[in-house]
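As provided, query04.pdb (PDB, C-alpha atoms) reads as follows.
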```
ATOM      1  CA  MET A   1     -85.234  26.473 -34.434
ATOM      2  CA  ARG A   2     -82.193  28.696 -33.994
ATOM      3  CA  GLU A   3     -82.124  31.874 -31.997
ATOM      4  CA  ILE A   4     -82.064  35.081 -34.068
ATOM      5  CA  LYS A   5     -79.157  37.232 -32.847
ATOM      6  CA  PHE A   6     -76.765  39.722 -34.390
ATOM      7  CA  ARG A   7     -73.471  41.234 -33.327
ATOM      8  CA  GLY A   8     -71.308  44.075 -34.597
ATOM      9  CA  TYR A   9     -68.258  46.177 -33.770
ATOM     10  CA  SER A  10     -69.210  49.553 -32.315
ATOM     11  CA  VAL A  11     -67.890  52.702 -33.989
ATOM     12  CA  LYS A  12     -68.091  54.583 -30.686
ATOM     13  CA  GLU A  13     -65.708  53.598 -27.880
ATOM     14  CA  LEU A  14     -67.395  51.482 -25.207
ATOM     15  CA  ILE A  15     -66.318  50.267 -21.771
ATOM     16  CA  GLY A  16     -64.890  46.729 -21.923
ATOM     17  CA  SER A  17     -65.365  45.356 -25.418
ATOM     18  CA  GLN A  18     -66.254  47.151 -28.635
ATOM     19  CA  TRP A  19     -68.299  44.099 -29.740
ATOM     20  CA  VAL A  20     -72.027  44.552 -29.249
ATOM     21  CA  CYS A  21     -73.887  41.228 -28.996
ATOM     22  CA  ASP A  22     -77.482  40.155 -28.372
ATOM     23  CA  GLY A  23     -78.845  42.378 -31.110
ATOM     24  CA  TYR A  24     -82.267  41.469 -32.473
ATOM     25  CA  GLY A  25     -82.056  43.464 -35.687
ATOM     26  CA  VAL A  26     -79.991  45.690 -37.949
ATOM     27  CA  ALA A  27     -81.104  49.015 -39.413
ATOM     28  CA  LYS A  28     -79.469  50.701 -42.409
ATOM     29  CA  VAL A  29     -79.784  54.483 -42.574
ATOM     30  CA  ASP A  30     -79.282  56.204 -45.949
ATOM     31  CA  TYR A  31     -78.539  59.911 -45.699
ATOM     32  CA  THR A  32     -79.355  62.498 -48.365
ATOM     33  CA  ASP A  33     -75.649  63.228 -48.927
ATOM     34  CA  GLY A  34     -75.140  59.640 -50.163
ATOM     35  CA  THR A  35     -73.559  58.244 -46.998
ATOM     36  CA  LYS A  36     -75.019  55.401 -44.953
ATOM     37  CA  SER A  37     -74.707  53.971 -41.466
ATOM     38  CA  PHE A  38     -75.698  50.717 -39.803
ATOM     39  CA  HIS A  39     -77.253  50.390 -36.364
ATOM     40  CA  LEU A  40     -77.531  47.251 -34.243
ATOM     41  CA  LEU A  41     -80.830  47.183 -32.353
ATOM     42  CA  THR A  42     -80.577  45.734 -28.827
ATOM     43  CA  PRO A  43     -82.759  45.747 -25.710
ATOM     44  CA  TYR A  44     -80.336  48.384 -24.320
ATOM     45  CA  GLY A  45     -80.640  50.782 -27.252
ATOM     46  CA  ASP A  46     -79.222  51.040 -30.742
ATOM     47  CA  TYR A  47     -75.499  51.134 -31.504
ATOM     48  CA  HIS A  48     -73.757  52.539 -34.580
ATOM     49  CA  VAL A  49     -71.628  49.624 -35.871
ATOM     50  CA  GLU A  50     -69.199  49.034 -38.727
ATOM     51  CA  GLU A  51     -70.866  47.493 -41.785
ATOM     52  CA  ASP A  52     -68.257  44.758 -42.359
ATOM     53  CA  SER A  53     -68.457  43.534 -38.754
ATOM     54  CA  ILE A  54     -72.168  42.655 -38.718
ATOM     55  CA  GLY A  55     -72.846  38.926 -38.372
ATOM     56  CA  GLN A  56     -75.845  36.736 -37.617
ATOM     57  CA  TYR A  57     -75.696  33.884 -35.099
ATOM     58  CA  THR A  58     -75.424  30.505 -36.849
ATOM     59  CA  GLY A  59     -76.950  28.482 -34.013
ATOM     60  CA  LEU A  60     -73.651  26.648 -33.450
ATOM     61  CA  LYS A  61     -71.037  26.852 -30.713
ATOM     62  CA  ASP A  62     -67.316  26.114 -30.852
ATOM     63  CA  MET A  63     -65.408  23.654 -28.627
ATOM     64  CA  THR A  64     -65.225  26.185 -25.783
ATOM     65  CA  GLY A  65     -68.957  26.963 -25.908
ATOM     66  CA  ARG A  66     -68.681  30.371 -27.616
ATOM     67  CA  GLU A  67     -71.365  31.260 -30.132
ATOM     68  CA  ILE A  68     -70.340  31.247 -33.815
ATOM     69  CA  PHE A  69     -71.507  34.123 -35.997
ATOM     70  CA  GLU A  70     -71.429  34.437 -39.791
ATOM     71  CA  GLY A  71     -68.049  35.736 -40.916
ATOM     72  CA  ASP A  72     -66.093  34.128 -38.073
ATOM     73  CA  ILE A  73     -62.918  32.339 -39.143
TER      74      ILE A  73
END
```
For this file, write the structure as structure tokens.
Amino acid sequence: MREIKFRGYSVKELIGSQWVCDGYGVAKVDYTDGTKSFHLLTPYGDYHVEEDSIGQYTGLKDMTGREIFEGDI
């Protein structure tokens, strides 16, 4: 059984990398003015991330041992 993980690119500037990994869920917030935002839920809090950057872990790793997420080239 594969591990359920998500990652996304943070809208807000972070120290180090803008990529937020180890998320366990994604929340979509619809506002009354018609806009929406996506939040990656992690053990460290929730992060506002770009919609197109959200990917789920496939359970596979590349030749160097890095995890492969949906949408990776």
Legend entry - Selected residue of minimal separation from Phe69 (chain A) among A:Leu14, A:Ala27, A:Cys21, A:Met1, counting all atoms listed in the file: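 Answer, going by the shortest atom-to-atom distance: A:Cys21.
A search radius of 8 Å centred on (-71.8, 37.1, -33.7), applied to all atoms listed in the file, returns the residues Lys5, Phe6, Arg7, Gly8, Cys21, Ile54, Gly55, Gln56, Tyr57, Glu67, Ile68, Phe69, Glu70 and Asp72 of chain A.
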Atoms kept (C-alpha atoms) for selection, written as a short mmCIF file (atom, residue, chain, number, x, y, z; two decimals), in the frame of the given file:
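Wrote it out as result_31.cif, contents follow:
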```cif
data_model
loop_
_atom_site.label_atom_id
_atom_site.label_comp_id
_atom_site.auth_asym_id
_atom_site.auth_seq_id
_atom_site.Cartn_x
_atom_site.Cartn_y
_atom_site.Cartn_z
CA LYS A 5 -79.16 37.23 -32.85
CA PHE A 6 -76.76 39.72 -34.39
CA ARG A 7 -73.47 41.23 -33.33
CA GLY A 8 -71.31 44.08 -34.60
CA CYS A 21 -73.89 41.23 -29.00
CA ILE A 54 -72.17 42.66 -38.72
CA GLY A 55 -72.85 38.93 -38.37
CA GLN A 56 -75.84 36.74 -37.62
CA TYR A 57 -75.70 33.88 -35.10
CA GLU A 67 -71.36 31.26 -30.13
CA ILE A 68 -70.34 31.25 -33.82
CA PHE A 69 -71.51 34.12 -36.00
CA GLU A 70 -71.43 34.44 -39.79
CA ASP A 72 -66.09 34.13 -38.07
#
```
Legend entry - Contacts of Gln18 (chain A) at 10 Å (all atoms listed in the file; same-chain gap of 4+ positions) as a PyMOL selection string: chain A and resi 8-14+49
Legend entry - Selection: 8 Å around Ser37 (chain A), only C-alpha atoms, excl. self and same-chain fewer than 2 positions, as a PyMOL selection string: chain A and resi 28-30+35+39+48-51
Legend entry - CA of Phe38 (chain A) to CA of Asp22 (chain A), distance in Å rounded to a single decimal: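 Straight-line distance from CA of Phe38 (chain A) to CA of Asp22 (chain A) works out to 15.7 Å.
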With 4 Å added on each side, what axis-aligned box encloses every listed atom of region 25-29 of chain A? Give the centre and edge lengths in Å to one decimal, as JSON.
```
{"center_x": -80.8, "center_y": 49.0, "center_z": -39.1, "size_x": 10.6, "size_y": 19.0, "size_z": 14.9}
```
Inset, instruction - Please measure the separation of CA of Thr58 (chain A) and CA of Gly71 (chain A), giving the value in Å to one decimal. - result: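 If I compute the distance from CA of Thr58 (chain A) to CA of Gly71 (chain A), I get 9.9 Å.
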Legend entry - For CA of Val20 (chain A) and CA of Thr42 (chain A), the interatomic separation in Å (one decimal):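 Going from CA of Val20 (chain A) over to CA of Thr42 (chain A), I get 8.6 Å.
The smallest atom-to-atom distance between Tyr44 (chain A) and any of A:Tyr24, A:Trp19, A:Arg2, A:Gly59, using all atoms listed in the file, is found for A:Tyr24.
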Legend entry - Shortest interatomic distance to Gly45 (chain A) - which of A:Met63, A:Gly23, A:Asp33, A:Ile4, counting all atoms listed in the file: A:Gly23
Legend entry - Nearest to Gly25 (chain A), chosen from A:Ile73, A:Thr64, A:Leu41, A:Asp46, with all atoms listed in the file counted in the distances: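 Among the listed residues, A:Leu41 lies closest to Gly25 (chain A).
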Region 25-51 of chain A from the block above: N, CA, C and O atoms written as a PDB file, in the first residue's frame:
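Just written: out-v4.pdb:
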```pdb
ATOM      1  N   GLY A  25      -3.245  16.209   3.140  1.00  0.00           N
ATOM      2  CA  GLY A  25      -4.532  16.534   2.545  1.00  0.00           C
ATOM      3  C   GLY A  25      -4.507  17.897   1.886  1.00  0.00           C
ATOM      4  O   GLY A  25      -3.598  18.691   2.092  1.00  0.00           O
ATOM      5  N   VAL A  26      -5.524  18.137   1.064  1.00  0.00           N
ATOM      6  CA  VAL A  26      -5.658  19.416   0.364  1.00  0.00           C
ATOM      7  C   VAL A  26      -7.072  19.936   0.602  1.00  0.00           C
ATOM      8  O   VAL A  26      -8.037  19.180   0.500  1.00  0.00           O
ATOM      9  N   ALA A  27      -7.171  21.214   0.941  1.00  0.00           N
ATOM     10  CA  ALA A  27      -8.479  21.835   1.159  1.00  0.00           C
ATOM     11  C   ALA A  27      -8.680  22.943   0.134  1.00  0.00           C
ATOM     12  O   ALA A  27      -7.781  23.754  -0.100  1.00  0.00           O
ATOM     13  N   LYS A  28      -9.856  22.974  -0.476  1.00  0.00           N
ATOM     14  CA  LYS A  28     -10.222  24.028  -1.420  1.00  0.00           C
ATOM     15  C   LYS A  28     -11.202  24.954  -0.707  1.00  0.00           C
ATOM     16  O   LYS A  28     -12.188  24.494  -0.128  1.00  0.00           O
ATOM     17  N   VAL A  29     -10.906  26.253  -0.748  1.00  0.00           N
ATOM     18  CA  VAL A  29     -11.764  27.242  -0.107  1.00  0.00           C
ATOM     19  C   VAL A  29     -12.398  28.098  -1.198  1.00  0.00           C
ATOM     20  O   VAL A  29     -11.693  28.719  -1.987  1.00  0.00           O
ATOM     21  N   ASP A  30     -13.731  28.097  -1.260  1.00  0.00           N
ATOM     22  CA  ASP A  30     -14.480  28.940  -2.193  1.00  0.00           C
ATOM     23  C   ASP A  30     -14.983  30.163  -1.441  1.00  0.00           C
ATOM     24  O   ASP A  30     -15.688  30.031  -0.439  1.00  0.00           O
ATOM     25  N   TYR A  31     -14.628  31.338  -1.945  1.00  0.00           N
ATOM     26  CA  TYR A  31     -15.058  32.579  -1.312  1.00  0.00           C
ATOM     27  C   TYR A  31     -16.338  33.094  -1.967  1.00  0.00           C
ATOM     28  O   TYR A  31     -16.651  32.737  -3.093  1.00  0.00           O
ATOM     29  N   THR A  32     -17.056  33.943  -1.269  1.00  0.00           N
ATOM     30  CA  THR A  32     -18.333  34.456  -1.773  1.00  0.00           C
ATOM     31  C   THR A  32     -18.166  35.367  -2.982  1.00  0.00           C
ATOM     32  O   THR A  32     -19.112  35.555  -3.741  1.00  0.00           O
ATOM     33  N   ASP A  33     -16.960  35.924  -3.183  1.00  0.00           N
ATOM     34  CA  ASP A  33     -16.744  36.792  -4.342  1.00  0.00           C
ATOM     35  C   ASP A  33     -16.379  35.995  -5.604  1.00  0.00           C
ATOM     36  O   ASP A  33     -16.056  36.567  -6.634  1.00  0.00           O
ATOM     37  N   GLY A  34     -16.435  34.668  -5.526  1.00  0.00           N
ATOM     38  CA  GLY A  34     -16.167  33.814  -6.678  1.00  0.00           C
ATOM     39  C   GLY A  34     -14.736  33.333  -6.797  1.00  0.00           C
ATOM     40  O   GLY A  34     -14.430  32.508  -7.656  1.00  0.00           O
ATOM     41  N   THR A  35     -13.836  33.821  -5.957  1.00  0.00           N
ATOM     42  CA  THR A  35     -12.455  33.355  -5.992  1.00  0.00           C
ATOM     43  C   THR A  35     -12.318  32.089  -5.158  1.00  0.00           C
ATOM     44  O   THR A  35     -13.209  31.737  -4.376  1.00  0.00           O
ATOM     45  N   LYS A  36     -11.185  31.424  -5.317  1.00  0.00           N
ATOM     46  CA  LYS A  36     -10.921  30.197  -4.553  1.00  0.00           C
ATOM     47  C   LYS A  36      -9.447  30.129  -4.206  1.00  0.00           C
ATOM     48  O   LYS A  36      -8.617  30.783  -4.835  1.00  0.00           O
ATOM     49  N   SER A  37      -9.121  29.355  -3.198  1.00  0.00           N
ATOM     50  CA  SER A  37      -7.728  29.133  -2.827  1.00  0.00           C
ATOM     51  C   SER A  37      -7.578  27.681  -2.373  1.00  0.00           C
ATOM     52  O   SER A  37      -8.550  27.032  -1.990  1.00  0.00           O
ATOM     53  N   PHE A  38      -6.353  27.201  -2.465  1.00  0.00           N
ATOM     54  CA  PHE A  38      -6.056  25.817  -2.089  1.00  0.00           C
ATOM     55  C   PHE A  38      -5.032  25.823  -0.970  1.00  0.00           C
ATOM     56  O   PHE A  38      -4.061  26.580  -1.001  1.00  0.00           O
ATOM     57  N   HIS A  39      -5.256  24.954   0.014  1.00  0.00           N
ATOM     58  CA  HIS A  39      -4.384  24.876   1.178  1.00  0.00           C
ATOM     59  C   HIS A  39      -3.906  23.440   1.357  1.00  0.00           C
ATOM     60  O   HIS A  39      -4.705  22.502   1.324  1.00  0.00           O
ATOM     61  N   LEU A  40      -2.589  23.299   1.544  1.00  0.00           N
ATOM     62  CA  LEU A  40      -1.985  21.998   1.801  1.00  0.00           C
ATOM     63  C   LEU A  40      -1.922  21.807   3.307  1.00  0.00           C
ATOM     64  O   LEU A  40      -1.377  22.648   4.025  1.00  0.00           O
ATOM     65  N   LEU A  41      -2.529  20.727   3.801  1.00  0.00           N
ATOM     66  CA  LEU A  41      -2.578  20.461   5.229  1.00  0.00           C
ATOM     67  C   LEU A  41      -1.387  19.596   5.614  1.00  0.00           C
ATOM     68  O   LEU A  41      -1.179  18.518   5.050  1.00  0.00           O
ATOM     69  N   THR A  42      -0.576  20.076   6.557  1.00  0.00           N
ATOM     70  CA  THR A  42       0.614  19.354   7.014  1.00  0.00           C
ATOM     71  C   THR A  42       0.601  19.275   8.531  1.00  0.00           C
ATOM     72  O   THR A  42      -0.167  19.991   9.186  1.00  0.00           O
ATOM     73  N   PRO A  43       1.472  18.462   9.115  1.00  0.00           N
ATOM     74  CA  PRO A  43       1.562  18.422  10.579  1.00  0.00           C
ATOM     75  C   PRO A  43       2.041  19.751  11.173  1.00  0.00           C
ATOM     76  O   PRO A  43       1.881  20.005  12.353  1.00  0.00           O
ATOM     77  N   TYR A  44       2.624  20.627  10.334  1.00  0.00           N
ATOM     78  CA  TYR A  44       3.176  21.901  10.800  1.00  0.00           C
ATOM     79  C   TYR A  44       2.215  23.061  10.590  1.00  0.00           C
ATOM     80  O   TYR A  44       2.551  24.199  10.865  1.00  0.00           O
ATOM     81  N   GLY A  45       1.053  22.800  10.039  1.00  0.00           N
ATOM     82  CA  GLY A  45       0.077  23.839   9.761  1.00  0.00           C
ATOM     83  C   GLY A  45      -0.397  23.738   8.320  1.00  0.00           C
ATOM     84  O   GLY A  45      -0.009  22.831   7.592  1.00  0.00           O
ATOM     85  N   ASP A  46      -1.241  24.678   7.919  1.00  0.00           N
ATOM     86  CA  ASP A  46      -1.692  24.655   6.527  1.00  0.00           C
ATOM     87  C   ASP A  46      -1.007  25.773   5.755  1.00  0.00           C
ATOM     88  O   ASP A  46      -0.695  26.828   6.300  1.00  0.00           O
ATOM     89  N   TYR A  47      -0.745  25.510   4.468  1.00  0.00           N
ATOM     90  CA  TYR A  47      -0.031  26.430   3.604  1.00  0.00           C
ATOM     91  C   TYR A  47      -0.874  26.726   2.377  1.00  0.00           C
ATOM     92  O   TYR A  47      -1.389  25.804   1.746  1.00  0.00           O
ATOM     93  N   HIS A  48      -0.981  27.999   2.029  1.00  0.00           N
ATOM     94  CA  HIS A  48      -1.677  28.421   0.812  1.00  0.00           C
ATOM     95  C   HIS A  48      -0.752  28.083  -0.362  1.00  0.00           C
ATOM     96  O   HIS A  48       0.371  28.572  -0.426  1.00  0.00           O
ATOM     97  N   VAL A  49      -1.211  27.229  -1.283  1.00  0.00           N
ATOM     98  CA  VAL A  49      -0.381  26.782  -2.403  1.00  0.00           C
ATOM     99  C   VAL A  49      -1.072  27.080  -3.726  1.00  0.00           C
ATOM    100  O   VAL A  49      -2.281  27.284  -3.782  1.00  0.00           O
ATOM    101  N   GLU A  50      -0.270  27.101  -4.800  1.00  0.00           N
ATOM    102  CA  GLU A  50      -0.803  27.318  -6.137  1.00  0.00           C
ATOM    103  C   GLU A  50      -1.531  26.062  -6.610  1.00  0.00           C
ATOM    104  O   GLU A  50      -1.040  24.945  -6.434  1.00  0.00           O
ATOM    105  N   GLU A  51      -2.683  26.245  -7.228  1.00  0.00           N
ATOM    106  CA  GLU A  51      -3.532  25.129  -7.641  1.00  0.00           C
ATOM    107  C   GLU A  51      -2.823  24.175  -8.601  1.00  0.00           C
ATOM    108  O   GLU A  51      -2.891  22.962  -8.450  1.00  0.00           O
TER     109      GLU A  51
END
```
